>>> print(open('entry_20.txt').read())   # compact mmCIF, N, CA and C atoms
# COMPACT_ATOMS: atom_id res chain seq x y z
N MET K 46 0.86 -1.18 0.00
CA MET K 46 0.00 0.00 0.00
C MET K 46 0.89 1.23 0.00
N THR K 47 0.65 2.13 -0.92
CA THR K 47 1.48 3.32 -1.01
C THR K 47 1.07 4.34 0.03
N SER K 48 2.01 5.25 0.33
CA SER K 48 1.72 6.25 1.36
C SER K 48 0.65 7.24 0.91
N GLU K 49 0.41 7.33 -0.41
CA GLU K 49 -0.62 8.25 -0.89
C GLU K 49 -2.02 7.81 -0.46
N ASN K 50 -2.26 6.50 -0.44
CA ASN K 50 -3.61 6.04 -0.10
C ASN K 50 -3.68 5.36 1.27
N ILE K 51 -2.67 5.52 2.09
CA ILE K 51 -2.67 4.92 3.42
C ILE K 51 -3.79 5.50 4.29
N LEU K 52 -4.21 6.73 3.99
CA LEU K 52 -5.25 7.38 4.78
C LEU K 52 -6.66 7.17 4.22
N GLU K 53 -6.78 6.30 3.21
CA GLU K 53 -8.09 6.11 2.58
C GLU K 53 -9.13 5.55 3.55
N LYS K 54 -8.68 4.83 4.59
CA LYS K 54 -9.60 4.26 5.57
C LYS K 54 -9.04 4.50 6.96
N ASP K 55 -9.92 4.42 7.96
CA ASP K 55 -9.49 4.50 9.35
C ASP K 55 -9.15 3.08 9.80
N TRP K 56 -7.87 2.73 9.72
CA TRP K 56 -7.43 1.37 10.00
C TRP K 56 -7.65 1.00 11.47
N TYR K 57 -7.59 1.97 12.37
CA TYR K 57 -7.87 1.68 13.78
C TYR K 57 -9.34 1.27 13.95
N GLU K 58 -10.22 1.99 13.28
CA GLU K 58 -11.64 1.67 13.39
C GLU K 58 -11.93 0.27 12.85
N ILE K 59 -11.27 -0.09 11.77
CA ILE K 59 -11.47 -1.41 11.18
C ILE K 59 -11.10 -2.51 12.18
N LEU K 60 -10.03 -2.25 12.97
CA LEU K 60 -9.63 -3.23 13.99
C LEU K 60 -10.39 -3.05 15.30
N GLY K 61 -11.25 -2.04 15.37
CA GLY K 61 -11.97 -1.78 16.62
C GLY K 61 -11.02 -1.32 17.71
N ALA K 62 -10.01 -0.56 17.32
CA ALA K 62 -8.96 -0.12 18.24
C ALA K 62 -8.81 1.39 18.18
N SER K 63 -7.86 1.90 18.95
CA SER K 63 -7.56 3.33 18.91
C SER K 63 -6.04 3.50 18.87
N PRO K 64 -5.58 4.69 18.49
CA PRO K 64 -4.13 4.93 18.42
C PRO K 64 -3.42 4.75 19.76
N SER K 65 -4.15 4.82 20.86
CA SER K 65 -3.52 4.67 22.17
C SER K 65 -3.32 3.21 22.56
N HIS K 66 -3.87 2.28 21.79
CA HIS K 66 -3.71 0.87 22.12
C HIS K 66 -2.28 0.41 21.88
N SER K 67 -1.83 -0.51 22.72
CA SER K 67 -0.49 -1.07 22.59
C SER K 67 -0.45 -2.01 21.38
N MET K 68 0.76 -2.39 21.00
CA MET K 68 0.91 -3.32 19.88
C MET K 68 0.24 -4.66 20.22
N GLN K 69 0.31 -5.07 21.48
CA GLN K 69 -0.32 -6.33 21.89
C GLN K 69 -1.85 -6.22 21.77
N GLU K 70 -2.42 -5.09 22.16
CA GLU K 70 -3.87 -4.91 22.05
C GLU K 70 -4.30 -4.89 20.58
N LEU K 71 -3.49 -4.25 19.73
CA LEU K 71 -3.79 -4.24 18.30
C LEU K 71 -3.75 -5.66 17.74
N ARG K 72 -2.73 -6.43 18.14
CA ARG K 72 -2.59 -7.81 17.68
C ARG K 72 -3.80 -8.65 18.12
N GLN K 73 -4.23 -8.46 19.36
CA GLN K 73 -5.38 -9.22 19.85
C GLN K 73 -6.65 -8.87 19.07
N SER K 74 -6.84 -7.59 18.78
CA SER K 74 -8.00 -7.18 17.97
C SER K 74 -7.95 -7.80 16.59
N TYR K 75 -6.75 -7.76 15.99
CA TYR K 75 -6.58 -8.36 14.67
C TYR K 75 -6.89 -9.85 14.69
N GLN K 76 -6.32 -10.57 15.66
CA GLN K 76 -6.52 -12.01 15.72
C GLN K 76 -7.99 -12.37 15.93
N ARG K 77 -8.66 -11.63 16.79
CA ARG K 77 -10.07 -11.89 17.06
C ARG K 77 -10.90 -11.69 15.79
N LEU K 78 -10.65 -10.57 15.07
CA LEU K 78 -11.42 -10.28 13.86
C LEU K 78 -11.04 -11.20 12.70
N ALA K 79 -9.77 -11.56 12.61
CA ALA K 79 -9.34 -12.48 11.55
C ALA K 79 -10.03 -13.83 11.70
N LEU K 80 -10.14 -14.30 12.93
CA LEU K 80 -10.85 -15.57 13.17
C LEU K 80 -12.34 -15.43 12.89
N LEU K 81 -12.90 -14.31 13.25
CA LEU K 81 -14.33 -14.08 13.05
C LEU K 81 -14.70 -14.05 11.57
N TYR K 82 -13.88 -13.38 10.76
CA TYR K 82 -14.23 -13.17 9.34
C TYR K 82 -13.50 -14.09 8.36
N HIS K 83 -12.61 -14.94 8.85
CA HIS K 83 -11.85 -15.81 7.94
C HIS K 83 -12.82 -16.67 7.12
N PRO K 84 -12.60 -16.75 5.80
CA PRO K 84 -13.51 -17.51 4.94
C PRO K 84 -13.67 -18.97 5.37
N ASP K 85 -12.62 -19.59 5.89
CA ASP K 85 -12.70 -20.99 6.31
C ASP K 85 -13.51 -21.17 7.59
N LYS K 86 -13.79 -20.10 8.30
CA LYS K 86 -14.53 -20.18 9.56
C LYS K 86 -16.03 -19.91 9.40
N GLN K 87 -16.46 -19.67 8.17
CA GLN K 87 -17.87 -19.35 7.93
C GLN K 87 -18.70 -20.62 7.76
N ARG K 88 -19.97 -20.50 8.06
CA ARG K 88 -20.89 -21.63 7.91
C ARG K 88 -20.99 -22.01 6.42
N ALA K 89 -21.05 -23.28 6.17
CA ALA K 89 -21.16 -23.76 4.78
C ALA K 89 -22.50 -23.38 4.16
N ASP K 90 -23.54 -23.25 4.98
CA ASP K 90 -24.86 -22.93 4.46
C ASP K 90 -25.17 -21.43 4.48
N ALA K 91 -24.15 -20.60 4.73
CA ALA K 91 -24.36 -19.14 4.77
C ALA K 91 -24.67 -18.62 3.37
N PRO K 92 -25.53 -17.61 3.27
CA PRO K 92 -25.83 -17.01 1.96
C PRO K 92 -24.56 -16.45 1.31
N VAL K 93 -24.53 -16.45 -0.01
CA VAL K 93 -23.38 -15.99 -0.77
C VAL K 93 -23.03 -14.55 -0.42
N GLU K 94 -24.06 -13.71 -0.27
CA GLU K 94 -23.81 -12.29 0.05
C GLU K 94 -23.09 -12.15 1.39
N GLU K 95 -23.51 -12.97 2.36
CA GLU K 95 -22.88 -12.94 3.68
C GLU K 95 -21.42 -13.40 3.60
N LEU K 96 -21.16 -14.44 2.81
CA LEU K 96 -19.79 -14.93 2.64
C LEU K 96 -18.91 -13.87 1.98
N GLU K 97 -19.45 -13.21 0.95
CA GLU K 97 -18.68 -12.17 0.26
C GLU K 97 -18.36 -11.01 1.21
N GLU K 98 -19.34 -10.66 2.05
CA GLU K 98 -19.14 -9.59 3.01
C GLU K 98 -18.04 -9.97 4.03
N CYS K 99 -18.05 -11.21 4.46
CA CYS K 99 -17.02 -11.68 5.40
C CYS K 99 -15.64 -11.68 4.75
N VAL K 100 -15.58 -12.11 3.51
CA VAL K 100 -14.29 -12.09 2.79
C VAL K 100 -13.78 -10.67 2.66
N GLN K 101 -14.65 -9.74 2.30
CA GLN K 101 -14.25 -8.33 2.17
C GLN K 101 -13.79 -7.77 3.51
N ARG K 102 -14.51 -8.09 4.55
CA ARG K 102 -14.15 -7.63 5.90
C ARG K 102 -12.81 -8.23 6.33
N PHE K 103 -12.59 -9.51 6.01
CA PHE K 103 -11.33 -10.18 6.32
C PHE K 103 -10.17 -9.48 5.61
N ILE K 104 -10.37 -9.12 4.35
CA ILE K 104 -9.33 -8.43 3.58
C ILE K 104 -9.01 -7.07 4.23
N GLU K 105 -10.04 -6.33 4.64
CA GLU K 105 -9.82 -5.04 5.31
C GLU K 105 -9.06 -5.21 6.62
N VAL K 106 -9.44 -6.21 7.40
CA VAL K 106 -8.77 -6.47 8.68
C VAL K 106 -7.30 -6.81 8.43
N ASP K 107 -7.05 -7.61 7.40
CA ASP K 107 -5.67 -7.97 7.06
C ASP K 107 -4.88 -6.74 6.63
N GLN K 108 -5.48 -5.87 5.81
CA GLN K 108 -4.80 -4.64 5.39
C GLN K 108 -4.51 -3.75 6.60
N ALA K 109 -5.46 -3.65 7.51
CA ALA K 109 -5.26 -2.84 8.71
C ALA K 109 -4.08 -3.36 9.52
N TRP K 110 -4.00 -4.67 9.65
CA TRP K 110 -2.90 -5.26 10.42
C TRP K 110 -1.56 -5.05 9.71
N LYS K 111 -1.55 -5.11 8.38
CA LYS K 111 -0.30 -4.88 7.65
C LYS K 111 0.23 -3.47 7.90
N ILE K 112 -0.66 -2.52 8.11
CA ILE K 112 -0.24 -1.14 8.39
C ILE K 112 0.07 -0.95 9.87
N LEU K 113 -0.84 -1.37 10.73
CA LEU K 113 -0.70 -1.11 12.16
C LEU K 113 0.17 -2.13 12.88
N GLY K 114 0.40 -3.28 12.29
CA GLY K 114 1.22 -4.30 12.93
C GLY K 114 2.70 -4.12 12.69
N ASN K 115 3.06 -3.20 11.83
CA ASN K 115 4.46 -2.91 11.53
C ASN K 115 4.78 -1.54 12.12
N GLU K 116 5.79 -1.47 12.98
CA GLU K 116 6.11 -0.23 13.67
C GLU K 116 6.35 0.94 12.70
N GLU K 117 7.06 0.67 11.62
CA GLU K 117 7.40 1.74 10.67
C GLU K 117 6.17 2.27 9.94
N THR K 118 5.34 1.37 9.41
CA THR K 118 4.15 1.84 8.69
C THR K 118 3.13 2.43 9.65
N LYS K 119 3.05 1.90 10.87
CA LYS K 119 2.15 2.47 11.88
C LYS K 119 2.57 3.89 12.22
N ARG K 120 3.86 4.10 12.37
CA ARG K 120 4.37 5.45 12.68
C ARG K 120 4.06 6.42 11.54
N GLU K 121 4.27 5.97 10.30
CA GLU K 121 3.97 6.81 9.14
C GLU K 121 2.47 7.14 9.09
N TYR K 122 1.64 6.13 9.31
CA TYR K 122 0.19 6.33 9.31
C TYR K 122 -0.22 7.30 10.41
N ASP K 123 0.31 7.11 11.62
CA ASP K 123 -0.03 7.99 12.74
C ASP K 123 0.40 9.43 12.46
N LEU K 124 1.57 9.61 11.86
CA LEU K 124 2.03 10.97 11.52
C LEU K 124 1.12 11.62 10.49
N GLN K 125 0.72 10.86 9.49
CA GLN K 125 -0.17 11.40 8.47
C GLN K 125 -1.54 11.73 9.06
N ARG K 126 -2.05 10.87 9.94
CA ARG K 126 -3.33 11.15 10.61
C ARG K 126 -3.22 12.42 11.45
N ARG K 127 -2.10 12.55 12.16
CA ARG K 127 -1.88 13.73 13.01
C ARG K 127 -1.84 15.00 12.15
N GLU K 128 -1.16 14.91 11.03
CA GLU K 128 -1.06 16.06 10.13
C GLU K 128 -2.43 16.48 9.61
N VAL K 129 -3.23 15.51 9.19
CA VAL K 129 -4.57 15.81 8.69
C VAL K 129 -5.44 16.38 9.80
N THR K 130 -5.37 15.77 10.98
CA THR K 130 -6.16 16.25 12.11
C THR K 130 -5.79 17.68 12.48
N MET K 131 -4.50 17.95 12.52
CA MET K 131 -4.06 19.30 12.88
C MET K 131 -4.51 20.32 11.86
N SER K 132 -4.42 19.97 10.60
CA SER K 132 -4.80 20.94 9.57
C SER K 132 -6.31 21.17 9.54
N GLN K 133 -7.08 20.20 10.04
CA GLN K 133 -8.52 20.34 10.03
C GLN K 133 -9.06 21.03 11.28
N LYS K 134 -8.39 20.88 12.42
CA LYS K 134 -8.96 21.36 13.67
C LYS K 134 -8.35 22.65 14.19
N TRP K 135 -7.11 22.92 13.88
CA TRP K 135 -6.46 24.08 14.45
C TRP K 135 -6.04 25.05 13.36
N PRO K 136 -6.37 26.30 13.52
CA PRO K 136 -5.87 27.28 12.55
C PRO K 136 -4.38 27.49 12.77
N VAL K 137 -3.69 27.81 11.70
CA VAL K 137 -2.26 28.09 11.79
C VAL K 137 -2.08 29.53 12.24
N ASP K 138 -1.34 29.70 13.33
CA ASP K 138 -1.11 31.03 13.89
C ASP K 138 -0.05 31.79 13.11
N ALA K 139 0.96 31.08 12.60
CA ALA K 139 2.04 31.74 11.88
C ALA K 139 2.72 30.74 10.95
N GLN K 140 3.40 31.28 9.96
CA GLN K 140 4.22 30.47 9.07
C GLN K 140 5.67 30.84 9.35
N VAL K 141 6.49 29.83 9.65
CA VAL K 141 7.86 30.07 10.08
C VAL K 141 8.81 29.26 9.20
N PRO K 142 9.76 29.93 8.53
CA PRO K 142 10.76 29.17 7.77
C PRO K 142 11.63 28.35 8.73
N LEU K 143 11.99 27.16 8.34
CA LEU K 143 12.83 26.31 9.17
C LEU K 143 14.13 27.03 9.54
N GLU K 144 14.62 27.84 8.63
CA GLU K 144 15.87 28.59 8.88
C GLU K 144 15.73 29.57 10.05
N ASP K 145 14.50 30.00 10.37
CA ASP K 145 14.28 30.93 11.48
C ASP K 145 14.19 30.22 12.83
N MET K 146 14.13 28.91 12.81
CA MET K 146 14.07 28.17 14.07
C MET K 146 15.49 28.00 14.61
N HIS K 147 15.61 27.81 15.92
CA HIS K 147 16.91 27.67 16.57
C HIS K 147 17.27 26.19 16.67
N TRP K 148 18.47 25.84 16.20
CA TRP K 148 18.94 24.46 16.28
C TRP K 148 19.59 24.25 17.64
N ILE K 149 19.15 23.24 18.38
CA ILE K 149 19.72 22.89 19.68
C ILE K 149 20.46 21.57 19.47
N ALA K 150 21.78 21.65 19.30
CA ALA K 150 22.58 20.47 18.97
C ALA K 150 22.50 19.41 20.06
N ALA K 151 22.51 19.82 21.31
CA ALA K 151 22.48 18.86 22.42
C ALA K 151 21.22 18.01 22.40
N ASP K 152 20.09 18.60 22.01
CA ASP K 152 18.82 17.89 21.98
C ASP K 152 18.45 17.37 20.59
N GLN K 153 19.27 17.72 19.60
CA GLN K 153 19.00 17.33 18.21
C GLN K 153 17.60 17.74 17.78
N CYS K 154 17.27 19.04 18.03
CA CYS K 154 15.95 19.53 17.64
C CYS K 154 15.99 21.02 17.34
N TYR K 155 14.95 21.48 16.66
CA TYR K 155 14.76 22.90 16.39
C TYR K 155 13.73 23.42 17.39
N THR K 156 13.89 24.66 17.80
CA THR K 156 12.88 25.28 18.67
C THR K 156 12.52 26.65 18.12
N TYR K 157 11.34 27.11 18.50
CA TYR K 157 10.88 28.44 18.11
C TYR K 157 9.99 28.94 19.24
N ASP K 158 10.23 30.15 19.71
CA ASP K 158 9.48 30.70 20.83
C ASP K 158 8.06 31.07 20.43
N CYS K 159 7.12 30.71 21.30
CA CYS K 159 5.72 31.05 21.11
C CYS K 159 5.43 32.34 21.88
N ARG K 160 4.43 33.04 21.47
CA ARG K 160 4.09 34.30 22.14
C ARG K 160 3.57 34.09 23.56
N CYS K 161 3.17 32.85 23.90
CA CYS K 161 2.69 32.56 25.25
C CYS K 161 3.83 32.32 26.23
N GLY K 162 5.06 32.21 25.73
CA GLY K 162 6.20 31.91 26.58
C GLY K 162 6.65 30.46 26.43
N GLY K 163 5.83 29.64 25.81
CA GLY K 163 6.21 28.25 25.54
C GLY K 163 7.05 28.20 24.28
N GLU K 164 7.18 27.01 23.72
CA GLU K 164 7.94 26.91 22.48
C GLU K 164 7.44 25.78 21.61
N TYR K 165 7.76 25.90 20.35
CA TYR K 165 7.49 24.86 19.37
C TYR K 165 8.77 24.04 19.25
N VAL K 166 8.65 22.73 19.25
CA VAL K 166 9.82 21.86 19.18
C VAL K 166 9.66 20.93 17.99
N LEU K 167 10.68 20.90 17.14
CA LEU K 167 10.69 20.03 15.97
C LEU K 167 11.93 19.17 16.04
N SER K 168 11.75 17.86 16.22
CA SER K 168 12.91 16.96 16.31
C SER K 168 13.58 16.84 14.94
N LYS K 169 14.80 16.38 14.97
CA LYS K 169 15.55 16.18 13.73
C LYS K 169 14.81 15.19 12.82
N GLU K 170 14.26 14.12 13.42
CA GLU K 170 13.53 13.11 12.65
C GLU K 170 12.27 13.71 12.01
N GLU K 171 11.55 14.53 12.77
CA GLU K 171 10.35 15.16 12.21
C GLU K 171 10.72 16.09 11.06
N ALA K 172 11.83 16.82 11.20
CA ALA K 172 12.27 17.71 10.12
C ALA K 172 12.60 16.90 8.87
N GLU K 173 13.24 15.76 9.06
CA GLU K 173 13.59 14.90 7.92
C GLU K 173 12.35 14.28 7.28
N GLU K 174 11.30 14.07 8.08
CA GLU K 174 10.07 13.48 7.57
C GLU K 174 9.09 14.55 7.07
N ASN K 175 9.54 15.79 7.03
CA ASN K 175 8.75 16.90 6.53
C ASN K 175 7.45 17.14 7.30
N ILE K 176 7.53 17.04 8.62
CA ILE K 176 6.40 17.44 9.45
C ILE K 176 6.31 18.95 9.34
N PHE K 177 5.15 19.47 8.98
CA PHE K 177 5.10 20.91 8.77
C PHE K 177 4.11 21.65 9.65
N LEU K 178 3.39 20.96 10.53
CA LEU K 178 2.53 21.64 11.49
C LEU K 178 2.97 21.27 12.90
N LEU K 179 3.18 22.29 13.74
CA LEU K 179 3.61 22.05 15.12
C LEU K 179 2.70 22.79 16.08
N CYS K 180 2.44 22.16 17.21
CA CYS K 180 1.70 22.82 18.29
C CYS K 180 2.68 23.29 19.34
N CYS K 181 2.35 24.39 19.99
CA CYS K 181 3.13 24.90 21.10
C CYS K 181 3.07 23.87 22.23
N ASN K 182 4.16 23.79 23.02
CA ASN K 182 4.16 22.81 24.11
C ASN K 182 3.42 23.29 25.36
N THR K 183 2.89 24.53 25.35
CA THR K 183 2.13 24.99 26.51
C THR K 183 0.76 25.57 26.16
N CYS K 184 0.52 25.96 24.94
CA CYS K 184 -0.80 26.51 24.59
C CYS K 184 -1.33 25.80 23.34
N SER K 185 -2.42 26.28 22.80
CA SER K 185 -3.05 25.60 21.67
C SER K 185 -2.68 26.21 20.31
N LEU K 186 -1.75 27.16 20.28
CA LEU K 186 -1.35 27.76 19.02
C LEU K 186 -0.53 26.77 18.19
N SER K 187 -0.61 26.91 16.89
CA SER K 187 0.19 26.06 16.00
C SER K 187 0.83 26.91 14.91
N ILE K 188 1.95 26.39 14.39
CA ILE K 188 2.65 27.08 13.31
C ILE K 188 2.89 26.09 12.18
N GLU K 189 3.07 26.66 11.00
CA GLU K 189 3.41 25.87 9.83
C GLU K 189 4.88 26.13 9.52
N ILE K 190 5.64 25.08 9.32
CA ILE K 190 7.06 25.20 8.98
C ILE K 190 7.18 25.28 7.46
N LEU K 191 7.91 26.28 6.98
CA LEU K 191 8.10 26.49 5.55
C LEU K 191 9.53 26.19 5.11
N ASN K 192 9.72 26.09 3.81
CA ASN K 192 11.05 25.95 3.20
C ASN K 192 11.78 24.72 3.68
N ARG K 193 11.07 23.63 3.76
CA ARG K 193 11.71 22.38 4.14
C ARG K 193 12.41 21.80 2.94
N SER K 194 13.58 21.16 3.18
CA SER K 194 14.26 20.50 2.05
C SER K 194 14.78 19.15 2.45
>>> encode(input="entry_20.txt", output="structure tokens")
Amino acid sequence: MTSENILEKDWYEILGASPSHSMQELRQSYQRLALLYHPDKQRADAPVEELEECVQRFIEVDQAWKILGNEETKREYDLQRREVTMSQKWPVDAQVPLEDMHWIAADQCYTYDCRCGGEYVLSKEEAEENIFLLCCNTCSLSIEILNRS
């Protein structure tokens, strides 16, 4: 599954889980649903429509597990969900070029002072992954990072 369409469905909802669930809880949800919808576990006398629905549901559950069961793809999915959520719920207070942020070598992160006295913190990894919306660590303001390369 490409990163362009990873957000096409809510994979947590498909597993009946939430982003706060541990990997073990996600695995248990997957296993429970995989057994429930597996084509070999269906009644032989079940209507064709019901069987097709179970097969489709099984495929979705399997796709959800392929994304959420792998730490790397789960992290990518969570970051993309966070980005979409932030852009939908919070207005951007300011646009700040990455070059205007302060590099803190000891912490391997960029910081930028917020007008509330708090600060925006962008880790080196987030900068490399092109995270472009940040929330202040003490208030609800957010900024957009520009000129990423």
>>> atom_distance(input="entry_20.txt", atom1="atom C of K:Arg72", atom2="atom C of K:Asp107")
11.7 Å
>>> atom_distance(input="entry_20.txt", atom1="atom N of K:Pro142", atom2="atom N of K:Leu186")
16.7 Å
>>> closest_residue(input="entry_20.txt", among="K:Arg126, K:Lys169, K:His83, K:Arg120", to="K:Asp152", atoms="all atoms listed in the file")
K:Lys169
>>> select_by_dssp(input="entry_20.txt", residues="stretch 85-172 of chain K", states="strand (DSSP E)", output="PyMOL selection string")
chain K and resi 139-142+147-149+154-158+164-168
>>> atom_distance(input="entry_20.txt", atom1="atom CA of K:Trp110", atom2="atom CA of K:Glu97")
20.0 Å
>>> select_by_dssp(input="entry_20.txt", residues="stretch 158-187 of chain K", states="alpha helix (DSSP H)", output="count of residues only")
5
>>> closest_residue(input="entry_20.txt", among="K:Glu98, K:Gln140, K:Phe103, K:Val93", to="K:Leu81", atoms="only C-alpha atoms")
K:Phe103
>>> closest_residue(input="entry_20.txt", among="K:Ile104, K:Ala109, K:Cys184, K:Cys99", to="K:Gly163", atoms="all atoms listed in the file")
K:Cys184
